[in-house]
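> Have a look at this one.
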Amino acid sequence: MLRRILAIAVIVLGACVIAAGVLSATTLRPSDVVTATTSSAPTEPLLVVEPGVLHIVDPQVRIELRAADPASPVVLAIGREADVRGWIGDTAHVQIDGLPEWEVLSSTSVAAPEPTDVDGEADGQAEEAASPAGSDMWVLEETGTGSVTLEWEVPEGRWLLLAATDGAEPAPQIFLTWTREVPTPLLVPAVVSGSVLALVGIVWLAALLLGARSGRRDSGEVDSAHQHGAESESAAMELDVLTIPAELQVTPGGPAAPSGGVVGEPVSAATALLPVVVEEAEPARPRTRREARAAEAAAAAAAKRAGRKPRPGAEPERRLPAPVDSVHDHASEEQPIALPAPSEWASSQASDHVRPSSSQEYPSWMRVDGDDQAAPSRGVVGEPAAQAPPQAPAVERSEAGVEQNVAEWDDDAEFARRSTWRQAWGLPDSPGAGEPTGDVGNEAGETEVAVERAKHTAEGER
Amino acid sequence: MNDVRPSRRPMHGRRSAALVAIALGLVAGCAPDLPELEPDAASSQPLPVLTSEQSAAVLAEIGEVLITADASLDADALGPRVGSAAQDVRRSEFRLSGATDGESIIQPLTTDAQVVVVAATEDWPRMALAVTEIPEGGTLPLLLALRQDAPRADYELDYWTRLLPGIETPAFAAPEIGSVQLAANDASLPVSPEQAIADFAALLAAPDDEELAAAFADDAYRPLLAEEFAAVQESVEVAGTAELSASVVDAPVIAMQTADGGAVVVGAVDSVLEITKTIEGATLTIGGEISQLGDVTEVEESVSATYRQMLAFHVPATADEDGDLIQLIGAERVLRSVSSE
């Protein structure tokens, strides 16, 4: 923001410089015409303009004489220096001899000499007051009443101007008018520099604005991308598919094998019995609250559809410890399975995000040869269920993985594990069974479960 | 955002201060420089005292005065523009014309100049010469001599002469340059201007003096005088005598240097013809203009007739035995007065 202000300030400064330059050449420019005069009217009867003053500014000069009395005669005479000085003689007169300022003429007063002589005689006869009008010596002569104006182009040579009224009264006041040259040296540099400044400021401002706009555009795309991701996640949630963390999933391919951990991809084709979603989670990360919450919400929904009231485990995440405990309690109530302590459970998960290398590393309740109450049921239902496990994971996973997994588990072990899992979560092996049943119920239950899942899947898709 | 606003105020103040400084700089920087006083240098040589326009204007003014005086036959009208010597001549002409009932003509004058010769000087008096056209009614051109006595005086017609027939006026310097004006006692000439006139006056009084005559070249004027004098002498021979005397008129001599270094000198000489009756009881009659002007018909004892002549000479630059004598180039004569006893 500050930069924009600076850019605008530069533009404004450039405009001001241009305006100042233009002003200096137009309105602020001194006048072309200058009129100069003496500071006061003369008192002597004769006024003489010294050589050089008439053309000091320009050879073309406009001379104006104004007498104090508008009715008195005014004489303007121009002659050669010797002629004029000879004519003046010893008479008192005022000399105009310079231009100290543009509108001021400087003058010197010359008084008549004292009419005394060494012998005491008068020094000749004093010049009588006489008007210079009519002398044969003047090259130019103008006479008038009250004022006289003359436009003259001063030729070469030393020319004097003699002005008088009638020779006895004070001489008229003189006004000299010239046209002068007024240079405007600052116009071009000011306009050029102001234009450069303004251009620099405009370019800078444009760069700032364009940069800001592109920045916004990028961030908008990112935001929309985020929105799209959130939408896809919620859609996945709506599918109402159970999600199990990758570390809990038992597949021939192992938790690491799932194809990229795509969110929301139900492994539905093979796992018709138990469509699961491989959660896109880092196997090493401990299960987060969100994951736990999502899992419990899904479980609660499934429980609702199963007709069972939601477990307390479906409560908000804050009560996560409670659901675990209640699961624990519930499991201890309804099932004879002894769940491992949460700490053991979590630690077992955290320690091994890859599929356990040996069955020993599974929690006891998951293990086939576990010394818990689940063993008998597993054993009971082991054989009929032996056919089921290889179906989905074997088809979808690689043969190598299948071989491995097969090596790890027995057929009935898988079924037993599933039953155990169901029991761990308090889910019926079949929709209608209240307690974990044996072999007969299992097939039916599985089929019914599959049908239910298919229904729910269809509903979710709708 | 808040951190920007405080910085705006000092920036705004700085900006306005900068603008004010720029404006002041512009105003001060644009003021034109005062010009220097540069009068032209004074000319090394004196300038001609009159430009051609000025000389023409002066001659025109003199001509108007002459015309005015001629119309009224009042010589006093000549006062402002005609010098004393010439004024006397003109007055005499008027008077003589009146006395002779127009028999004695008044010389027609003109101021239409062919050649104007002005002096180049910064002092006074200042002189100028002009050779005019042939005046209407006349036969010979005139040589006018002008003079300005003082700065506040006008140029006056001091002398005029009729150029003698067959005389070529000498060449002068160009009017833009101006000629040198010579003093009456100028020593650069073989004979000073005033001396030349004096010599000629003496010659007029003693026309037979060979020594005096040797200094002057022949001219057409002196024979006329000689002829007239011989006639008077013959007429009074029986009962009287006639004598001539001449004197220089006390008036400023006008001398302008010619191109060759000589000079044209113009002055006035009064000559007196005195007729004296030597035999008592004889009757000596006088006729002509003398009797008309003097209103005498008979000489009682003596009659003096004074003639005024305005003469113009060309004095050569050097005196040469082979030639180049003082040449009379113009003369004008009038019977000025007659007195009888």
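Lettering and numbering for the structure tokens are positional, with chains as A, B, ... in the shown order, residues counted from 1 in each chain, and ligands counted from 1 in the shown order.
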Can you pull out the residues contacting B:Gly262? Cut-off 6 Å, using only C-alpha atoms, and skip same-chain residues under 2 positions away; I want them as an MDAnalysis selection string.
chainID B and resid 257:258 260 315:317
> Could you save those same residues with C-alpha atoms as a PDB file, in the first residue's frame?

```pdb
ATOM      1  CA  GLN B 257      39.257  74.005 -47.529  1.00  0.00           C
ATOM      2  CA  THR B 258      39.025  72.483 -50.911  1.00  0.00           C
ATOM      3  CA  ASP B 260      43.296  69.896 -53.066  1.00  0.00           C
ATOM      4  CA  VAL B 315      43.228  80.421 -52.970  1.00  0.00           C
ATOM      5  CA  PRO B 316      45.504  77.696 -54.208  1.00  0.00           C
ATOM      6  CA  ALA B 317      47.204  75.284 -51.916  1.00  0.00           C
TER       7      ALA B 317
END
```
> Considering only C-alpha atoms, state which residue in the set A:Leu6, A:Val110, A:Ala164, A:Ala41 is at the smallest distance from chain B.
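Looking only at the distances to chain B, the closest residue turns out to be A:Leu6.
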> What parts of stretch 176-219 of chain A does DSSP call alpha helix (DSSP H)? I'd like the answer as a ChimeraX atom specification.
/A:187-219
> Select, from B:Phe172, B:Tyr155, B:Trp160, B:Phe216, the residue with the minimum atom-to-atom distance to chain A, counting only C-alpha atoms.
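Smallest distance to chain A is found for B:Tyr155.
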> Neighbours of A:Glu151 within 9 Å (only C-alpha atoms; same-chain residues fewer than 2 positions away dropped), as a ChimeraX atom specification?
/A:60-64,149,153
> Take the selection from the previous step and output its residues with N, CA, C and O atoms, as an mmCIF file, in the first residue's frame.

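To be explicit, this is the file written out as selection_32.cif:
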```cif
data_model
loop_
_atom_site.group_PDB
_atom_site.id
_atom_site.type_symbol
_atom_site.label_atom_id
_atom_site.label_comp_id
_atom_site.auth_asym_id
_atom_site.auth_seq_id
_atom_site.Cartn_x
_atom_site.Cartn_y
_atom_site.Cartn_z
ATOM 1 N N GLN A 60 14.747 49.568 -31.082
ATOM 2 C CA GLN A 60 13.430 50.157 -31.292
ATOM 3 C C GLN A 60 12.897 50.612 -29.932
ATOM 4 O O GLN A 60 12.680 49.792 -29.035
ATOM 5 N N VAL A 61 12.671 51.871 -29.815
ATOM 6 C CA VAL A 61 12.267 52.422 -28.525
ATOM 7 C C VAL A 61 11.081 53.346 -28.739
ATOM 8 O O VAL A 61 10.948 54.001 -29.784
ATOM 9 N N ARG A 62 10.223 53.351 -27.725
ATOM 10 C CA ARG A 62 9.093 54.275 -27.735
ATOM 11 C C ARG A 62 9.343 55.287 -26.634
ATOM 12 O O ARG A 62 9.452 54.936 -25.466
ATOM 13 N N ILE A 63 9.474 56.530 -27.052
ATOM 14 C CA ILE A 63 9.808 57.591 -26.109
ATOM 15 C C ILE A 63 8.545 58.397 -25.839
ATOM 16 O O ILE A 63 7.857 58.810 -26.783
ATOM 17 N N GLU A 64 8.311 58.617 -24.572
ATOM 18 C CA GLU A 64 7.156 59.449 -24.213
ATOM 19 C C GLU A 64 7.616 60.482 -23.201
ATOM 20 O O GLU A 64 8.299 60.169 -22.229
ATOM 21 N N THR A 149 5.003 61.815 -27.947
ATOM 22 C CA THR A 149 5.374 60.408 -28.106
ATOM 23 C C THR A 149 6.105 60.249 -29.422
ATOM 24 O O THR A 149 5.696 60.822 -30.441
ATOM 25 N N GLU A 153 13.849 54.139 -34.136
ATOM 26 C CA GLU A 153 14.849 53.086 -34.166
ATOM 27 C C GLU A 153 16.211 53.763 -34.144
ATOM 28 O O GLU A 153 16.572 54.477 -35.093
#
```
> What are the nearest atom pairs, with distances in Å to one decimal, for all residues of chain A that come at most 8 Å from chain B, using only C-alpha atoms, set out by chain and rising residue number as CSV?

```
residue,atom,partner,partner_atom,distance
A:Met1,CA,B:Met1,CA,7.4
A:Leu2,CA,B:Val4,CA,6.0
A:Leu13,CA,B:Arg15,CA,7.7
A:Cys16,CA,B:Leu19,CA,7.7
A:Val17,CA,B:Leu19,CA,7.9
A:Ala20,CA,B:Ala23,CA,6.7
A:Gly21,CA,B:Leu26,CA,7.8
A:Ser24,CA,B:Leu26,CA,6.2
A:Leu28,CA,B:Val27,CA,6.8
A:Arg29,CA,B:Cys30,CA,6.9
A:Pro30,CA,B:Ala31,CA,6.5
A:Pro51,CA,B:Pro39,CA,5.3
A:Gly52,CA,B:Pro39,CA,3.8
A:Val53,CA,B:Leu37,CA,6.6
A:Ile56,CA,B:Leu37,CA,5.7
A:Val57,CA,B:Pro35,CA,6.2
A:Ala82,CA,B:Glu122,CA,5.9
A:Asp83,CA,B:Pro151,CA,7.2
A:Gly86,CA,B:Pro151,CA,5.7
A:Trp87,CA,B:Pro151,CA,4.9
A:Gly98,CA,B:Leu37,CA,6.7
A:Leu99,CA,B:Leu34,CA,7.8
A:Pro100,CA,B:Leu34,CA,7.7
A:Glu101,CA,B:Leu34,CA,7.0
A:Trp102,CA,B:Leu34,CA,6.6
A:Pro132,CA,B:Arg152,CA,7.9
A:Ser135,CA,B:Asp154,CA,6.6
A:Asp136,CA,B:Asp154,CA,6.2
A:Met137,CA,B:Leu50,CA,7.1
A:Val139,CA,B:Gln54,CA,7.2
A:Glu156,CA,B:Asp40,CA,7.0
A:Gly157,CA,B:Asp40,CA,5.6
A:Arg158,CA,B:Asp40,CA,5.8
A:Glu181,CA,B:Pro32,CA,7.5
A:Val182,CA,B:Pro32,CA,5.7
A:Pro183,CA,B:Cys30,CA,6.5
A:Thr184,CA,B:Cys30,CA,6.0
A:Pro185,CA,B:Cys30,CA,7.0
A:Leu186,CA,B:Leu26,CA,6.9
```
> Just the residues within 8 Å of stretch 191-201 of chain A, please, counting only C-alpha atoms, with nothing from its chain fewer than 4 positions along; format it as a list in words.
Ala7, Ile8, Ala9, Val10, Ile11, Val12, Leu13, Gly14, Ala15, Cys16, Val17, Ile18, Ala19, Gly21, Val22, Leu187 and Leu205 of chain A
> Nearest residue to B:Thr169 out of B:Thr111, B:Glu93, B:Glu298, B:Leu129, using only C-alpha atoms?
B:Leu129
> Could you give me, as JSON, numbers by chain, the residues within 12 Å of B:Glu228, counting only C-alpha atoms and dropping anything in the same chain fewer than 5 positions from it?
{"B": [221, 222, 223, 233, 234, 235, 242, 244, 273, 288]}
> If you count only C-alpha atoms, which residues fall within 7 Å of A:Gly146, apart from same-chain ones fewer than 2 positions away, as an mmCIF file with all heavy atoms, in the first residue's frame?

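The file below, selection09.cif, is the result:
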```
data_model
loop_
_atom_site.group_PDB
_atom_site.id
_atom_site.type_symbol
_atom_site.label_atom_id
_atom_site.label_comp_id
_atom_site.auth_asym_id
_atom_site.auth_seq_id
_atom_site.Cartn_x
_atom_site.Cartn_y
_atom_site.Cartn_z
ATOM 1 N N ARG A 66 6.200 63.461 -20.687
ATOM 2 C CA ARG A 66 4.985 63.984 -20.064
ATOM 3 C C ARG A 66 5.358 65.167 -19.189
ATOM 4 O O ARG A 66 6.149 65.021 -18.255
ATOM 5 C CB ARG A 66 4.310 62.916 -19.218
ATOM 6 C CG ARG A 66 3.501 61.944 -20.044
ATOM 7 C CD ARG A 66 2.738 61.013 -19.145
ATOM 8 N NE ARG A 66 2.810 59.651 -19.662
ATOM 9 C CZ ARG A 66 2.728 58.558 -18.914
ATOM 10 N NH1 ARG A 66 2.596 58.676 -17.606
ATOM 11 N NH2 ARG A 66 2.794 57.369 -19.451
ATOM 12 N N ALA A 67 4.751 66.316 -19.485
ATOM 13 C CA ALA A 67 5.024 67.503 -18.675
ATOM 14 C C ALA A 67 4.115 67.517 -17.461
ATOM 15 O O ALA A 67 3.033 66.926 -17.457
ATOM 16 C CB ALA A 67 4.804 68.766 -19.511
ATOM 17 N N ASP A 69 2.613 70.084 -16.370
ATOM 18 C CA ASP A 69 1.445 70.883 -16.723
ATOM 19 C C ASP A 69 0.936 70.410 -18.072
ATOM 20 O O ASP A 69 1.644 70.498 -19.078
ATOM 21 C CB ASP A 69 1.851 72.362 -16.783
ATOM 22 C CG ASP A 69 0.679 73.246 -17.134
ATOM 23 O OD1 ASP A 69 -0.465 72.750 -17.147
ATOM 24 O OD2 ASP A 69 0.914 74.441 -17.399
ATOM 25 N N PRO A 70 -0.275 69.919 -18.115
ATOM 26 C CA PRO A 70 -0.759 69.395 -19.395
ATOM 27 C C PRO A 70 -0.924 70.452 -20.472
ATOM 28 O O PRO A 70 -1.131 70.132 -21.634
ATOM 29 C CB PRO A 70 -2.113 68.759 -19.037
ATOM 30 C CG PRO A 70 -2.433 69.197 -17.662
ATOM 31 C CD PRO A 70 -1.221 69.719 -17.011
ATOM 32 N N ALA A 71 -0.795 71.717 -20.139
ATOM 33 C CA ALA A 71 -0.972 72.772 -21.142
ATOM 34 C C ALA A 71 0.345 73.335 -21.630
ATOM 35 O O ALA A 71 0.364 74.179 -22.530
ATOM 36 C CB ALA A 71 -1.823 73.906 -20.569
ATOM 37 N N SER A 72 1.424 72.887 -21.055
ATOM 38 C CA SER A 72 2.702 73.486 -21.439
ATOM 39 C C SER A 72 3.228 72.809 -22.693
ATOM 40 O O SER A 72 2.937 71.639 -22.946
ATOM 41 C CB SER A 72 3.718 73.330 -20.305
ATOM 42 O OG SER A 72 4.085 71.969 -20.167
ATOM 43 N N PRO A 73 4.003 73.524 -23.473
ATOM 44 C CA PRO A 73 4.585 72.903 -24.672
ATOM 45 C C PRO A 73 5.673 71.921 -24.274
ATOM 46 O O PRO A 73 6.337 72.087 -23.264
ATOM 47 C CB PRO A 73 5.179 74.102 -25.434
ATOM 48 C CG PRO A 73 5.449 75.113 -24.383
ATOM 49 C CD PRO A 73 4.404 74.925 -23.326
ATOM 50 N N VAL A 74 5.813 70.917 -25.068
ATOM 51 C CA VAL A 74 6.833 69.896 -24.833
ATOM 52 C C VAL A 74 7.634 69.755 -26.117
ATOM 53 O O VAL A 74 7.062 69.675 -27.209
ATOM 54 C CB VAL A 74 6.201 68.540 -24.441
ATOM 55 C CG1 VAL A 74 7.281 67.472 -24.305
ATOM 56 C CG2 VAL A 74 5.422 68.673 -23.144
ATOM 57 N N GLY A 144 4.799 69.219 -28.931
ATOM 58 C CA GLY A 144 3.411 68.937 -28.584
ATOM 59 C C GLY A 144 3.017 69.735 -27.366
ATOM 60 O O GLY A 144 3.805 70.548 -26.853
#
```
> Which neighbours of stretch 198-200 of chain B fall inside 9 Å, counting only C-alpha atoms, when residues of the same chain fewer than 2 positions from it are skipped, and could you give them as a JSON list (two decimals) with C-alpha atoms, in the first residue's frame?

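Produced file result-v3.json, reproduced below:
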```
[["chain", "number", "residue", "atom", "x", "y", "z"],
["B", 193, "PRO", "CA", 42.08, 84.26, -46.18],
["B", 194, "GLU", "CA", 41.88, 87.69, -44.70],
["B", 195, "GLN", "CA", 45.11, 88.71, -46.33],
["B", 196, "ALA", "CA", 43.86, 87.58, -49.70],
["B", 202, "ALA", "CA", 44.16, 97.10, -52.41],
["B", 203, "LEU", "CA", 44.17, 95.95, -55.95],
["B", 204, "LEU", "CA", 40.74, 97.34, -56.46],
["B", 205, "ALA", "CA", 41.89, 100.66, -55.20],
["B", 212, "LEU", "CA", 49.43, 93.63, -56.47],
["B", 213, "ALA", "CA", 48.04, 92.41, -59.72],
["B", 215, "ALA", "CA", 49.20, 87.86, -57.12],
["B", 216, "PHE", "CA", 45.87, 87.47, -58.70],
["B", 247, "SER", "CA", 38.43, 98.54, -47.59],
["B", 248, "VAL", "CA", 37.58, 95.20, -46.24],
["B", 269, "VAL", "CA", 34.94, 94.66, -49.64]]
```
> Which residue, A:Val48, A:Pro42, A:Ser147, A:Trp204, has the smallest gap to A:Arg3 when you use only C-alpha atoms?
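Answer, going by the shortest atom-to-atom distance: A:Trp204.
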> Of the residues A:Arg290, A:Arg180, A:Arg422, A:Arg305, which is the one nearest to A:His55, using only C-alpha atoms?
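Once distances to A:His55 are computed over only C-alpha atoms, the minimum belongs to A:Arg180.
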